[in-house]
file structure_12.csv (CSV, C-alpha atoms)
chain,number,residue,atom,x,y,z
A,1,MET,CA,10.3,-1.2,-28.7
A,2,THR,CA,8.3,-0.1,-25.6
A,3,SER,CA,8.0,3.5,-24.5
A,4,GLY,CA,9.8,2.5,-21.3
A,5,THR,CA,12.9,1.7,-23.5
A,6,LEU,CA,12.5,4.5,-26.1
A,7,TYR,CA,12.2,7.6,-23.9
A,8,PRO,CA,15.3,6.8,-21.7
A,9,ILE,CA,17.3,6.4,-24.9
A,10,LEU,CA,16.0,9.7,-26.2
A,11,LEU,CA,16.8,11.2,-22.8
A,12,ARG,CA,20.4,10.0,-23.0
A,13,LEU,CA,20.8,11.3,-26.6
A,14,GLU,CA,19.5,14.6,-25.4
A,15,GLU,CA,21.9,14.7,-22.4
A,16,ASP,CA,24.8,14.0,-24.9
A,17,GLY,CA,23.6,16.9,-27.1
A,18,LEU,CA,22.8,14.6,-30.0
A,19,VAL,CA,19.1,15.5,-30.1
A,20,ALA,CA,17.1,18.5,-29.0
A,21,SER,CA,13.4,18.5,-27.9
A,22,THR,CA,10.6,21.0,-27.9
A,23,TRP,CA,7.0,20.9,-26.7
A,24,HIS,CA,4.3,21.9,-29.1
A,25,GLU,CA,0.8,22.6,-28.0
A,26,GLY,CA,-1.7,20.1,-29.3
A,27,ASP,CA,-5.1,20.9,-30.8
A,28,ALA,CA,-6.8,18.7,-28.1
A,29,GLY,CA,-5.3,17.2,-25.0
A,30,PRO,CA,-1.8,17.8,-23.7
A,31,GLY,CA,1.0,19.0,-26.0
A,32,ARG,CA,3.4,16.7,-27.9
A,33,LYS,CA,7.1,16.6,-27.5
A,34,PHE,CA,9.1,16.7,-30.8
A,35,PHE,CA,12.7,15.5,-31.0
A,36,ARG,CA,15.1,16.5,-33.7
A,37,ALA,CA,18.8,15.7,-34.3
A,38,THR,CA,21.2,18.5,-33.6
A,39,ASP,CA,24.2,19.3,-35.9
A,40,HIS,CA,26.4,17.4,-33.6
A,41,GLY,CA,23.8,14.6,-33.7
A,42,HIS,CA,23.8,14.5,-37.5
A,43,GLN,CA,27.7,14.4,-37.5
A,44,GLU,CA,27.5,11.5,-35.0
A,45,LEU,CA,24.9,9.7,-37.1
A,46,ARG,CA,27.1,9.9,-40.2
A,47,ARG,CA,30.2,8.7,-38.2
A,48,ARG,CA,28.3,5.8,-36.7
A,49,SER,CA,26.7,5.0,-40.0
A,50,ASP,CA,30.1,4.8,-41.6
A,51,ARG,CA,31.3,2.5,-38.8
A,52,TRP,CA,28.3,0.4,-39.1
A,53,SER,CA,28.8,0.0,-42.9
A,54,ALA,CA,32.4,-0.9,-42.4
A,55,PHE,CA,31.5,-3.5,-39.8
A,56,ALA,CA,28.7,-4.9,-41.9
A,57,THR,CA,30.9,-5.1,-45.0
A,58,THR,CA,33.7,-6.9,-43.0
A,59,THR,CA,31.2,-9.3,-41.4
A,60,GLY,CA,29.6,-10.0,-44.8
A,61,THR,CA,32.9,-10.7,-46.4
A,62,LEU,CA,33.9,-13.1,-43.6
A,63,ILE,CA,30.6,-15.0,-43.8
A,64,SER,CA,30.7,-15.3,-47.6
A,65,ARG,CA,34.3,-16.7,-47.4
A,66,VAL,CA,33.3,-19.3,-44.8
A,67,LEU,CA,30.3,-20.3,-47.0
A,68,GLU,CA,32.6,-20.5,-50.1
A,69,LYS,CA,35.0,-22.9,-48.2
A,70,GLU,CA,32.2,-25.1,-46.9
A,71,SER,CA,30.4,-25.5,-50.3
A,72,PRO,CA,32.0,-28.2,-52.5
B,1,LEU,CA,-23.5,13.0,-26.0
B,2,THR,CA,-25.1,10.0,-24.4
B,3,GLU,CA,-27.0,11.0,-21.2
B,4,PRO,CA,-26.1,8.5,-18.5
B,5,GLN,CA,-28.5,7.0,-16.0
B,6,PRO,CA,-29.2,9.2,-13.0
B,7,GLY,CA,-27.3,8.4,-9.9
B,8,THR,CA,-24.6,6.5,-11.7
B,9,TYR,CA,-20.9,7.2,-11.6
B,10,ALA,CA,-21.0,8.5,-15.2
B,11,GLU,CA,-23.9,10.8,-14.4
B,12,ARG,CA,-22.3,12.3,-11.3
B,13,THR,CA,-19.1,12.8,-13.3
B,14,MET,CA,-20.9,14.6,-16.1
B,15,ALA,CA,-22.9,16.8,-13.7
B,16,GLU,CA,-19.6,17.8,-12.0
B,17,LEU,CA,-18.0,18.6,-15.3
B,18,ARG,CA,-20.9,20.8,-16.3
B,19,ARG,CA,-20.8,22.5,-12.9
B,20,LEU,CA,-17.1,23.2,-13.4
B,21,GLY,CA,-17.9,24.8,-16.7
B,22,ALA,CA,-16.3,22.2,-19.0
B,23,ASP,CA,-17.2,22.7,-22.7
B,24,ARG,CA,-18.8,20.1,-24.9
B,25,ASP,CA,-15.5,18.8,-26.3
B,26,GLN,CA,-13.9,18.5,-22.9
B,27,ILE,CA,-17.0,16.6,-21.6
B,28,ARG,CA,-16.9,14.2,-24.6
B,29,GLN,CA,-13.2,13.6,-24.2
B,30,ILE,CA,-13.4,12.9,-20.5
B,31,MET,CA,-16.6,10.9,-20.6
B,32,THR,CA,-15.1,8.7,-23.3
B,33,GLU,CA,-12.6,7.5,-20.7
B,34,VAL,CA,-15.5,6.7,-18.4
B,35,TRP,CA,-17.4,4.8,-21.1
B,36,VAL,CA,-14.3,2.9,-22.2
B,37,GLN,CA,-13.7,1.9,-18.6
B,38,LEU,CA,-17.3,0.9,-18.2
B,39,GLY,CA,-17.3,-1.0,-21.5
B,40,ASP,CA,-16.5,-4.4,-20.1
B,41,THR,CA,-18.6,-4.3,-16.9
B,42,PRO,CA,-21.3,-1.5,-17.2
B,43,ASP,CA,-22.4,-2.0,-13.6
B,44,GLN,CA,-19.0,-1.6,-11.9
B,45,ASP,CA,-18.4,1.2,-9.4
B,46,LEU,CA,-15.7,3.4,-11.0
B,47,SER,CA,-14.8,5.0,-7.7
B,48,THR,CA,-12.4,2.2,-7.1
B,49,VAL,CA,-10.7,2.9,-10.4
B,50,PHE,CA,-11.0,6.7,-10.8
B,51,GLY,CA,-11.7,7.9,-7.2
B,52,PRO,CA,-14.8,9.9,-6.3
B,53,PRO,CA,-16.6,11.3,-9.4
B,54,GLU,CA,-16.2,14.9,-8.3
B,55,GLN,CA,-12.5,14.5,-7.8
B,56,PHE,CA,-12.1,12.6,-11.1
B,57,ALA,CA,-14.0,15.4,-13.0
B,58,GLY,CA,-11.7,18.1,-11.5
B,59,ASP,CA,-8.5,16.1,-12.1
B,60,ALA,CA,-9.6,15.2,-15.6
B,61,LEU,CA,-10.3,18.8,-16.5
B,62,ALA,CA,-6.9,19.8,-15.2
B,63,GLY,CA,-5.5,17.3,-17.7
B,64,ARG,CA,-4.6,14.7,-15.0
B,65,ARG,CA,-6.8,11.7,-14.9
B,66,PRO,CA,-6.6,9.7,-11.7
B,67,VAL,CA,-5.3,6.5,-13.3
B,68,ARG,CA,-2.4,8.5,-14.6
B,69,VAL,CA,-2.2,10.7,-11.6
B,70,ASP,CA,-1.5,7.8,-9.3
B,71,TYR,CA,1.2,6.4,-11.6
B,72,LEU,CA,2.7,9.9,-12.1
B,73,ARG,CA,2.7,10.5,-8.4
B,74,ARG,CA,4.5,7.3,-7.6
B,75,LEU,CA,6.9,7.9,-10.5
B,76,ARG,CA,7.7,11.4,-9.1
B,77,THR,CA,8.4,10.0,-5.6
B,78,GLU,CA,10.6,7.3,-7.1
B,79,LEU,CA,12.5,9.7,-9.3
B,80,HIS,CA,13.0,12.1,-6.4
B,81,ALA,CA,14.3,9.4,-4.2
B,82,ARG,CA,16.9,8.5,-6.8
B,83,GLY,CA,18.2,12.0,-6.9
B,84,VAL,CA,16.8,13.1,-10.3
B,85,PRO,CA,16.6,16.9,-10.4
B,86,SER,CA,13.1,18.5,-10.2
B,87,GLU,CA,13.3,20.0,-13.6
B,88,ARG,CA,14.1,16.6,-15.2
B,89,ILE,CA,11.3,15.0,-13.2
B,90,GLY,CA,8.8,17.5,-14.7
B,91,GLU,CA,10.0,16.6,-18.1
B,92,VAL,CA,9.8,12.9,-17.6
B,93,LEU,CA,6.2,13.1,-16.1
B,94,ALA,CA,5.1,15.3,-19.0
B,95,GLU,CA,6.5,12.8,-21.5
B,96,VAL,CA,4.7,9.9,-19.8
B,97,ASP,CA,1.4,11.9,-19.5
B,98,ALA,CA,1.6,13.1,-23.2
B,99,HIS,CA,2.4,9.6,-24.5
B,100,VAL,CA,-0.4,7.9,-22.5
B,101,SER,CA,-3.0,10.5,-23.5
B,102,ASP,CA,-2.0,10.2,-27.1
B,103,ALA,CA,-1.7,6.4,-27.4
B,104,GLY,CA,-4.4,5.6,-24.8
B,105,ASP,CA,-2.1,3.1,-23.2
B,106,ASP,CA,-2.0,2.2,-19.5
B,107,PRO,CA,1.2,3.9,-18.2
B,108,ALA,CA,2.4,0.8,-16.3
B,109,THR,CA,2.1,-1.3,-19.5
B,110,ALA,CA,3.9,1.3,-21.7
B,111,PHE,CA,6.6,2.4,-19.3
B,112,GLY,CA,6.8,-0.5,-16.7
B,113,PRO,CA,6.4,-0.2,-12.9
B,114,PRO,CA,7.2,3.3,-11.7
B,115,ASP,CA,10.2,2.2,-9.5
B,116,ARG,CA,11.8,0.4,-12.4
B,117,TYR,CA,11.2,3.2,-14.9
B,118,ALA,CA,12.6,5.7,-12.4
B,119,ALA,CA,15.7,3.6,-11.9
B,120,ARG,CA,16.2,3.5,-15.7
B,121,ILE,CA,15.9,7.3,-16.0
B,122,ALA,CA,18.3,7.8,-13.0
B,123,GLU,CA,20.8,5.5,-14.7
B,124,GLU,CA,20.6,7.3,-18.0
B,125,ILE,CA,21.3,10.7,-16.5
B,126,GLY,CA,23.8,9.4,-13.9
B,127,ALA,CA,21.8,10.8,-10.9
B,128,THR,CA,23.0,9.9,-7.5
B,129,PRO,CA,20.6,9.5,-4.6
B,130,GLN,CA,21.3,11.4,-1.4
B,131,PRO,CA,23.3,9.1,0.8
B,132,PRO,CA,21.9,8.1,4.2
B,133,PRO,CA,23.5,9.7,7.2
B,134,PRO,CA,26.8,8.0,8.2
B,135,ALA,CA,26.6,5.2,10.8
B,136,ALA,CA,28.5,7.4,13.3
B,137,ARG,CA,25.7,10.0,13.2
B,138,ARG,CA,23.0,7.4,13.5
B,139,ILE,CA,24.7,5.9,16.5
B,140,LEU,CA,25.2,9.3,18.1
B,141,THR,CA,21.6,10.4,17.7
B,142,GLY,CA,20.5,6.9,18.9
B,143,ALA,CA,22.7,7.2,22.0
B,144,ALA,CA,21.2,10.7,22.7
B,145,ALA,CA,17.7,9.3,22.3
B,146,SER,CA,18.2,6.2,24.6
B,147,ALA,CA,20.1,8.3,27.2
B,148,GLY,CA,17.3,10.8,27.0
B,149,THR,CA,14.7,8.0,27.7
B,150,LEU,CA,16.6,6.6,30.7
B,151,LEU,CA,17.3,10.1,32.2
B,152,ALA,CA,13.7,11.2,31.7
B,153,VAL,CA,12.5,8.1,33.6
B,154,GLU,CA,15.0,8.6,36.4
B,155,GLY,CA,13.9,12.2,36.6
B,156,VAL,CA,10.2,11.5,36.6
B,157,VAL,CA,10.6,8.7,39.2
B,158,GLY,CA,12.7,11.1,41.3
B,159,LEU,CA,10.0,13.8,41.1
B,160,ILE,CA,7.3,11.4,42.1
B,161,ARG,CA,9.3,9.8,45.0
B,162,HIS,CA,10.8,13.2,46.0
B,163,HIS,CA,14.5,12.3,45.7
B,164,PRO,CA,17.3,13.5,43.4
B,165,ALA,CA,17.8,11.6,40.2
B,166,PRO,CA,20.9,9.3,40.1
B,167,VAL,CA,22.9,9.2,36.9
B,168,THR,CA,24.5,5.7,37.0
B,169,LEU,CA,27.4,4.3,35.0
B,170,ALA,CA,25.0,1.6,33.7
B,171,VAL,CA,22.6,4.2,32.3
B,172,LEU,CA,25.5,5.8,30.3
B,173,LEU,CA,26.8,2.5,29.1
B,174,THR,CA,23.4,1.3,28.0
B,175,ALA,CA,22.7,4.5,26.2
B,176,VAL,CA,25.7,3.9,24.0
B,177,LEU,CA,25.4,0.1,23.7
B,178,ILE,CA,21.7,0.1,22.6
B,179,PRO,CA,22.2,2.2,19.4
B,180,VAL,CA,25.5,0.4,18.5
B,181,LEU,CA,23.9,-3.0,18.8
B,182,SER,CA,20.7,-1.8,17.0
B,183,GLN,CA,22.7,-0.4,14.1
B,184,SER,CA,24.6,-3.7,13.7
B,185,VAL,CA,21.5,-5.9,13.9
B,186,LEU,CA,19.5,-3.6,11.5
B,187,LEU,CA,22.5,-3.6,9.1
B,188,LEU,CA,22.4,-7.4,9.0
B,189,GLY,CA,18.6,-7.3,8.7
B,190,ARG,CA,18.7,-5.2,5.6
B,191,ARG,CA,19.7,-8.3,3.6
B,192,SER,CA,16.4,-9.9,4.0
B,193,SER,CA,13.1,-8.2,4.8
B,194,GLY,CA,11.7,-11.1,6.8
B,195,PHE,CA,14.7,-11.1,9.1
B,196,GLY,CA,14.6,-7.3,9.2
B,197,CYS,CA,11.0,-7.3,10.6
B,198,ALA,CA,11.8,-10.0,13.2
B,199,ALA,CA,15.0,-8.2,14.1
B,200,ALA,CA,13.2,-4.9,14.6
B,201,LEU,CA,10.7,-6.5,16.9
B,202,GLY,CA,13.4,-8.4,18.8
B,203,LEU,CA,15.4,-5.2,19.2
B,204,PHE,CA,12.5,-3.4,20.5
B,205,VAL,CA,11.8,-6.1,23.2
B,206,ALA,CA,15.5,-6.4,24.0
B,207,THR,CA,15.8,-2.6,24.4
B,208,GLN,CA,12.9,-2.4,26.8
B,209,ILE,CA,14.2,-5.3,28.9
B,210,ALA,CA,17.7,-3.7,29.0
B,211,GLN,CA,16.2,-0.4,30.0
B,212,VAL,CA,14.2,-1.9,32.8
B,213,ALA,CA,17.2,-3.9,34.1
B,214,VAL,CA,19.4,-0.8,34.1
B,215,LEU,CA,16.8,1.3,35.9
B,216,VAL,CA,15.7,-1.3,38.5
B,217,TRP,CA,18.7,-3.5,39.3
B,218,PHE,CA,22.0,-2.1,38.0
B,219,ARG,CA,22.0,1.0,40.2
B,220,GLN,CA,25.7,1.2,41.2
B,221,PRO,CA,28.0,3.0,40.8
B,222,VAL,CA,26.2,6.3,40.8
B,223,LEU,CA,28.1,9.0,39.0
B,224,ALA,CA,26.1,12.0,40.2
B,225,ASP,CA,22.8,12.8,42.0
B,226,LEU,CA,21.1,15.6,40.2
B,227,PRO,CA,17.9,17.6,40.7
B,228,ALA,CA,15.0,15.3,39.4
B,229,GLY,CA,13.2,18.1,37.5
B,230,ALA,CA,16.3,19.1,35.6
B,231,VAL,CA,17.2,15.5,34.7
B,232,ALA,CA,13.6,14.8,33.5
B,233,GLY,CA,13.7,18.0,31.4
B,234,VAL,CA,17.0,17.2,29.8
B,235,GLY,CA,15.9,13.6,29.1
B,236,LEU,CA,12.6,14.7,27.5
B,237,ALA,CA,14.4,17.4,25.4
B,238,ALA,CA,17.0,14.9,24.2
B,239,VAL,CA,14.3,12.4,23.1
B,240,LEU,CA,12.1,15.0,21.3
B,241,GLY,CA,15.2,16.7,19.8
B,242,MET,CA,16.4,13.4,18.3
B,243,ILE,CA,13.0,12.7,16.9
B,244,MET,CA,13.1,16.2,15.2
B,245,VAL,CA,16.6,15.6,13.8
B,246,PHE,CA,15.8,12.0,12.7
B,247,ARG,CA,12.2,12.3,11.5
B,248,PRO,CA,11.5,10.5,8.3
B,249,GLY,CA,11.5,12.6,5.1
B,250,ARG,CA,13.8,15.3,6.6
B,251,ARG,CA,16.8,14.2,4.6
B,252,GLN,CA,15.2,14.8,1.2
B,253,PRO,CA,13.3,18.0,1.0
B,254,MET,CA,11.8,18.7,-2.4
B,255,SER,CA,13.8,21.9,-3.0
B,256,THR,CA,12.2,23.2,-6.2
B,257,PRO,CA,8.6,22.3,-7.3
B,258,VAL,CA,8.1,19.9,-10.2
B,259,ILE,CA,6.4,21.9,-12.9
B,260,ASP,CA,4.7,20.7,-16.1
B,261,PRO,CA,7.0,22.0,-18.9
B,262,ARG,CA,4.3,21.8,-21.6
B,263,PRO,CA,3.2,25.0,-23.3
B,264,GLY,CA,-0.5,24.5,-22.7
B,265,ALA,CA,0.2,24.2,-19.0
B,266,GLU,CA,0.6,27.9,-18.4
B,267,HIS,CA,-2.9,28.8,-19.6
B,268,ASP,CA,-4.5,27.9,-16.4
B,269,GLY,CA,-1.3,28.4,-14.4
B,270,PRO,CA,1.4,25.8,-14.7
B,271,ILE,CA,0.5,22.3,-13.4
B,272,VAL,CA,2.6,21.8,-10.3
B,273,TRP,CA,2.9,18.1,-9.9
B,274,ASP,CA,3.5,18.1,-6.2
B,275,THR,CA,0.9,20.4,-4.7
B,276,ASP,CA,-1.2,17.5,-3.5
B,277,GLU,CA,-1.0,17.1,0.3
B,278,LYS,CA,-2.2,13.5,0.2
B,279,ASP,CA,0.7,12.1,-1.8
B,280,GLY,CA,3.0,9.5,-0.5
B,281,ASP,CA,6.1,11.7,-0.5
B,282,ALA,CA,8.1,12.8,2.5
B,283,PRO,CA,5.7,13.5,5.5
B,284,ARG,CA,5.3,17.1,6.4
B,285,GLY,CA,5.7,18.6,9.9
B,286,ILE,CA,7.5,16.8,12.7
B,287,GLY,CA,6.9,13.2,13.5
B,288,TRP,CA,4.1,13.5,16.0
B,289,GLY,CA,3.6,9.8,15.9
B,290,ALA,CA,7.2,9.2,16.9
B,291,ALA,CA,7.1,11.9,19.5
B,292,ALA,CA,4.0,10.3,21.1
B,293,LEU,CA,5.6,6.9,21.0
B,294,GLY,CA,8.7,8.3,22.8
B,295,VAL,CA,6.5,9.8,25.5
B,296,VAL,CA,4.5,6.7,25.9
B,297,GLU,CA,7.7,4.6,26.2
B,298,ILE,CA,8.9,7.0,29.0
B,299,ALA,CA,5.6,6.8,30.8
B,300,ALA,CA,5.4,3.0,30.6
B,301,LEU,CA,9.0,2.6,31.8
B,302,THR,CA,8.3,5.0,34.7
B,303,VAL,CA,5.3,2.9,35.8
B,304,VAL,CA,7.3,-0.4,35.5
B,305,VAL,CA,10.2,1.2,37.5
B,306,LEU,CA,7.8,2.5,40.2
B,307,LEU,CA,6.3,-0.9,40.6
B,308,LEU,CA,9.6,-2.9,40.7
B,309,ARG,CA,11.9,-0.5,42.6
call {"tool": "encode", "arguments": {"input": "structure_12.csv", "output": "structure tokens"}}
result
Amino acid sequence: MTSGTLYPILLRLEEDGLVASTWHEGDAGPGRKFFRATDHGHQELRRRSDRWSAFATTTGTLISRVLEKESP
Amino acid sequence: LTEPQPGTYAERTMAELRRLGADRDQIRQIMTEVWVQLGDTPDQDLSTVFGPPEQFAGDALAGRRPVRVDYLRRLRTELHARGVPSERIGEVLAEVDAHVSDAGDDPATAFGPPDRYAARIAEEIGATPQPPPPAARRILTGAAASAGTLLAVEGVVGLIRHHPAPVTLAVLLTAVLIPVLSQSVLLLGRRSSGFGCAAALGLFVATQIAQVAVLVWFRQPVLADLPAGAVAGVGLAAVLGMIMVFRPGRRQPMSTPVIDPRPGAEHDGPIVWDTDEKDGDAPRGIGWGAAALGVVEIAALTVVVLLLR
């Protein structure tokens, strides 16, 4: 994933209140930006993980049934 | 530290860094960028890449290397044009700068062309660009400018020939018709740039011919004969006034400065991204070029009318 894709996604997550960012001064050169998930972000992550698991399980079951039917 | 050859770009950069009081680490860090750039072709003139060595040294010490500065400046202009708030612009620029410094990437490779990256950011935060003024206002200001030009010429001709300036029906009609037609043609022209350019040139020529025709041949009916000096004054004021109202860049003033949000930035005072006068943002001051063009147009038309009438 390029930086041009990653940073806008982080920006949207921040706008939605799912991540928060802070600047930390670096030893040399300009500072670094650190992102962390907020409480709301953690909740959303769990919710989406559950949905993803459910989706993956359903899809997996479907595929294995199709394969079972096709194999003699 | 490697001592560069005297008189070379690297040597002049290093001398400037020392003069500016850079410490050993800073010099090493900045000179690394010069050496890396020189790596492939040691004889190349880095002025084309980094700008003059003195400016490069100063920019680099302030944490803004010219390669990045150019990208960041274009990105800032593009973000601003898309209605992204100043605070967010500062954040985005700092992100790009920090990432590029850390990873050593070329900003255009890592983030894509500035206009496309700005469009992406604007989309993510749902920014809306300031709409252009409505067509009605553009036509109204255009009408005032073309009426102003015609009146100014009538006035000046009247002053030179010592007679009152006639305000004819044709002058008023033309003043309204020119901007209405111009707007329609330019609106069509926006669909393709090639056509737009030809259309603009065609419009300019057609406008000049129409103005000469109205001033020289379509002289009846006369609505009023007014004092030449007053007509010239009103005409000139209308033209210059419209240029002031309509000058480029006036629509989108940068209301709040774009400031580097990073904690290190306030040590030497916060880096304000838009203090540079040379950048390609909205032009400052009134459009003197446009004003001069307006006056030249009036003068040229006056000469033509004096010759033909």
call {"tool": "closest_residue", "arguments": {"input": "structure_12.csv", "among": "B:Tyr9, B:Phe56, B:Phe111, B:Trp35", "to": "chain A", "atoms": "all atoms listed in the file"}}
result
B:Phe111
call {"tool": "atom_distance", "arguments": {"input": "structure_12.csv", "atom1": "CA of Ser86 in chain B", "atom2": "CA of Arg68 in chain B"}}
result
19.0 Å
call {"tool": "atom_distance", "arguments": {"input": "structure_12.csv", "atom1": "CA of Val157 in chain B", "atom2": "CA of Val303 in chain B"}}
result
8.6 Å
call {"tool": "residues_around", "arguments": {"input": "structure_12.csv", "residues": "Leu10 in chain A", "least_positions_apart": "3", "cutoff": "10 Å", "atoms": "all atoms listed in the file", "output": "NGL selection string"}}
result
(:A and (5-7 or 13-16 or 18-21 or 35)) or (:B and (124))
call {"tool": "interface_residues", "arguments": {"input": "structure_12.csv", "of": "chain A", "to": "chain B", "cutoff": "7 Å", "atoms": "all atoms listed in the file", "output": "ChimeraX atom specification"}}
result
/A:2-4,8,12,23-25,30-32
call {"tool": "write_last_selection", "arguments": {"input": "structure_12.csv", "atoms": "C-alpha atoms", "output": "JSON list (two decimals), keeping the file's coordinate frame"}}
result
[["chain", "number", "residue", "atom", "x", "y", "z"],
["A", 2, "THR", "CA", 8.30, -0.10, -25.60],
["A", 3, "SER", "CA", 8.00, 3.50, -24.50],
["A", 4, "GLY", "CA", 9.80, 2.50, -21.30],
["A", 8, "PRO", "CA", 15.30, 6.80, -21.70],
["A", 12, "ARG", "CA", 20.40, 10.00, -23.00],
["A", 23, "TRP", "CA", 7.00, 20.90, -26.70],
["A", 24, "HIS", "CA", 4.30, 21.90, -29.10],
["A", 25, "GLU", "CA", 0.80, 22.60, -28.00],
["A", 30, "PRO", "CA", -1.80, 17.80, -23.70],
["A", 31, "GLY", "CA", 1.00, 19.00, -26.00],
["A", 32, "ARG", "CA", 3.40, 16.70, -27.90]]
call {"tool": "atom_distance", "arguments": {"input": "structure_12.csv", "atom1": "CA of Ala136 in chain B", "atom2": "CA of Thr168 in chain B"}}
result
24.1 Å
call {"tool": "residues_around", "arguments": {"input": "structure_12.csv", "residues": "range 176-179 of chain B", "least_positions_apart": "3", "cutoff": "8 Å", "atoms": "only C-alpha atoms", "output": "PyMOL selection string"}}
result
chain B and resi 138-140+142-143+146-147+172-173+182-183+207
call {"tool": "closest_residue", "arguments": {"input": "structure_12.csv", "among": "B:Ala119, B:Ala103, B:Val239, B:Leu46", "to": "Val84 in chain B", "atoms": "all atoms listed in the file"}}
result
B:Ala119
call {"tool": "residues_around", "arguments": {"input": "structure_12.csv", "residues": "Leu307 in chain B", "least_positions_apart": "3", "cutoff": "12 Å", "atoms": "only C-alpha atoms", "output": "ChimeraX atom specification"}}
result
/B:157,161,212,215-216,300-304
call {"tool": "residues_near_point", "arguments": {"input": "structure_12.csv", "point": "(26.2, 9.7, -35.3)", "cutoff": "12 Å", "atoms": "only C-alpha atoms", "output": "MDAnalysis selection string"}}
result
chainID A and resid 13 16:19 37:52
